[in-house]
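Below: the structure, in structure tokens.
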Amino acid sequence: MNKKKRGLFFPKNRQASHVGVVLSFVLFVVFLTFLYSIVEPATRIQKDKQNVLDSLEKKLIEKFSAEVTSTTISIDKDLSLPQLCIKLENFGNEEIGTRVAIKDSMGIAQGSSVSEGSEGDLQITRGDTGNYFFKIYNSSEFAELETKTACFNVVDTKYRRGLTKTKKYIFENKVSELIDGDYNYEVLKDELNVPQEIEFFFSFEDNGEEVIEPEEKIPQSVNVYAKRIPVHYIDGEANILQGFITIKVW
């Protein structure tokens, strides 16, 4: 007859195994606490600087932007083609103003002025292609038109207004004026509400990849958080182009 082992009739001692489980759990919690104490400050700093980047993006774009109102007009085709100088009566009034840039249907800039002694008569010297369609851009950032005597054989032209819309654009000259003018980093930092413990840097890259930036340089051996933002901007010739604003914080 087979003999049964006596130990099989008695339950195992569980006390030691319970102590091991508790000890393992305590060590695991201690490890997680230690890991969190290392990772959390870095994560919080990264989040804070990301928030500063996002805030600077909005504030710098707002600072460099201005409204531009574009109005399309078409003139009567009965106008003889040799007539290069046309006059739009009462166009440069309070609604439009005389800070305008004018382009033809091909996007080519047209010479323009205000008729001397008039109340907002706008003169356009159109190219020899005899354009009948123009787009007039108006903004406080454009230079005011000169007042000139009427062009030779100027014709009072019948015209029709088309679509008018207003949109904000970054102006390259506003970026240049800030950096090339009386630039004061601390004043700008306070104006943009950048926290004292954080430093920042920005630059503007135009369509020709020329970079406009302050003279301040980023210190070496610092963790830099950067953001490169594509923007539409208006250059000195009233062309709407694409460029980039780069913002860095540390």
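Please note that chains go A, B, ... in the order of the structure tokens, that every chain numbers its residues from 1, and that ligands are numbered from 1 in the order shown.
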Sorted by chain and rising residue number, list the residues of segment 99-208 of chain A at most 12 Å from segment 55-71 of chain A (counting only C-alpha atoms), each with its closest atom pair and distance in Å to one decimal, as a tab-separated table.
residue	atom	partner	partner_atom	distance
A:Arg99	CA	A:Val68	CA	10.5
A:Val100	CA	A:Thr69	CA	9.3
A:Ala101	CA	A:Ser70	CA	9.4
A:Ile102	CA	A:Ser70	CA	9.5
A:Lys103	CA	A:Ser70	CA	10.5
A:Asp104	CA	A:Thr71	CA	11.9
A:Phe133	CA	A:Thr71	CA	10.9
A:Phe134	CA	A:Thr71	CA	8.4
A:Lys135	CA	A:Thr71	CA	5.6
A:Ile136	CA	A:Thr71	CA	5.2
A:Tyr137	CA	A:Ser70	CA	4.4
A:Asn138	CA	A:Thr69	CA	5.1
A:Ser139	CA	A:Val68	CA	4.9
A:Ser140	CA	A:Ala66	CA	7.7
A:Glu141	CA	A:Ala66	CA	7.2
A:Phe142	CA	A:Val68	CA	9.5
A:Arg160	CA	A:Thr71	CA	10.4
A:Arg161	CA	A:Thr71	CA	7.1
A:Gly162	CA	A:Thr71	CA	6.6
A:Leu163	CA	A:Thr71	CA	5.9
A:Thr164	CA	A:Thr71	CA	4.4
A:Lys165	CA	A:Ser70	CA	5.6
A:Thr166	CA	A:Thr69	CA	4.2
A:Lys167	CA	A:Val68	CA	5.4
A:Lys168	CA	A:Glu67	CA	4.3
A:Tyr169	CA	A:Ser65	CA	5.1
A:Ile170	CA	A:Ser65	CA	4.0
A:Phe171	CA	A:Ser65	CA	5.9
A:Glu172	CA	A:Phe64	CA	7.8
A:Asn173	CA	A:Phe64	CA	8.6
A:Lys174	CA	A:Phe64	CA	5.5
A:Val175	CA	A:Phe64	CA	6.0
A:Ser176	CA	A:Phe64	CA	9.6
A:Glu177	CA	A:Phe64	CA	9.8
A:Leu178	CA	A:Phe64	CA	8.9
A:Ile179	CA	A:Phe64	CA	11.4
A:Leu188	CA	A:Leu60	CA	10.2
A:Lys189	CA	A:Leu56	CA	9.9
A:Asp190	CA	A:Leu56	CA	11.8
A:Glu191	CA	A:Lys59	CA	9.5
A:Leu192	CA	A:Lys59	CA	6.6
A:Asn193	CA	A:Leu56	CA	8.8
A:Val194	CA	A:Leu56	CA	8.0
A:Pro195	CA	A:Ser55	CA	11.2
A:Ile198	CA	A:Leu56	CA	11.9
A:Glu199	CA	A:Leu56	CA	11.4
A:Phe200	CA	A:Leu56	CA	9.0
A:Phe201	CA	A:Leu56	CA	10.0
A:Phe202	CA	A:Leu60	CA	9.0
A:Ser203	CA	A:Leu60	CA	10.5
A:Phe204	CA	A:Phe64	CA	10.6
Could you list, as an MDAnalysis selection string, every residue within 7 Å of segment 219-235 of chain A, counting only C-alpha atoms and ignoring same-chain residues fewer than 6 positions away?
chainID A and resid 169:172 241:250
DSSP strand (DSSP E or B) residues within segment 125-208 of chain A, listed as a PyMOL selection string:
chain A and resi 125+133-138+147-148+155-156+159-171+200-205
Could you state the separation of atom CA of Tyr183 of chain A and atom CA of Asp48 of chain A in Å, given to one decimal place?
26.2 Å
Calculate how many Å separate atom CA of Glu205 of chain A from atom CA of Met106 of chain A, rounding to one decimal.
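These atoms are spaced 25.8 Å apart.
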So what do you get for atom CA of Asn239 of chain A versus atom CA of Glu116 of chain A, distance-wise?
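Separating atom CA of Asn239 of chain A from atom CA of Glu116 of chain A is a distance of 27.6 Å.
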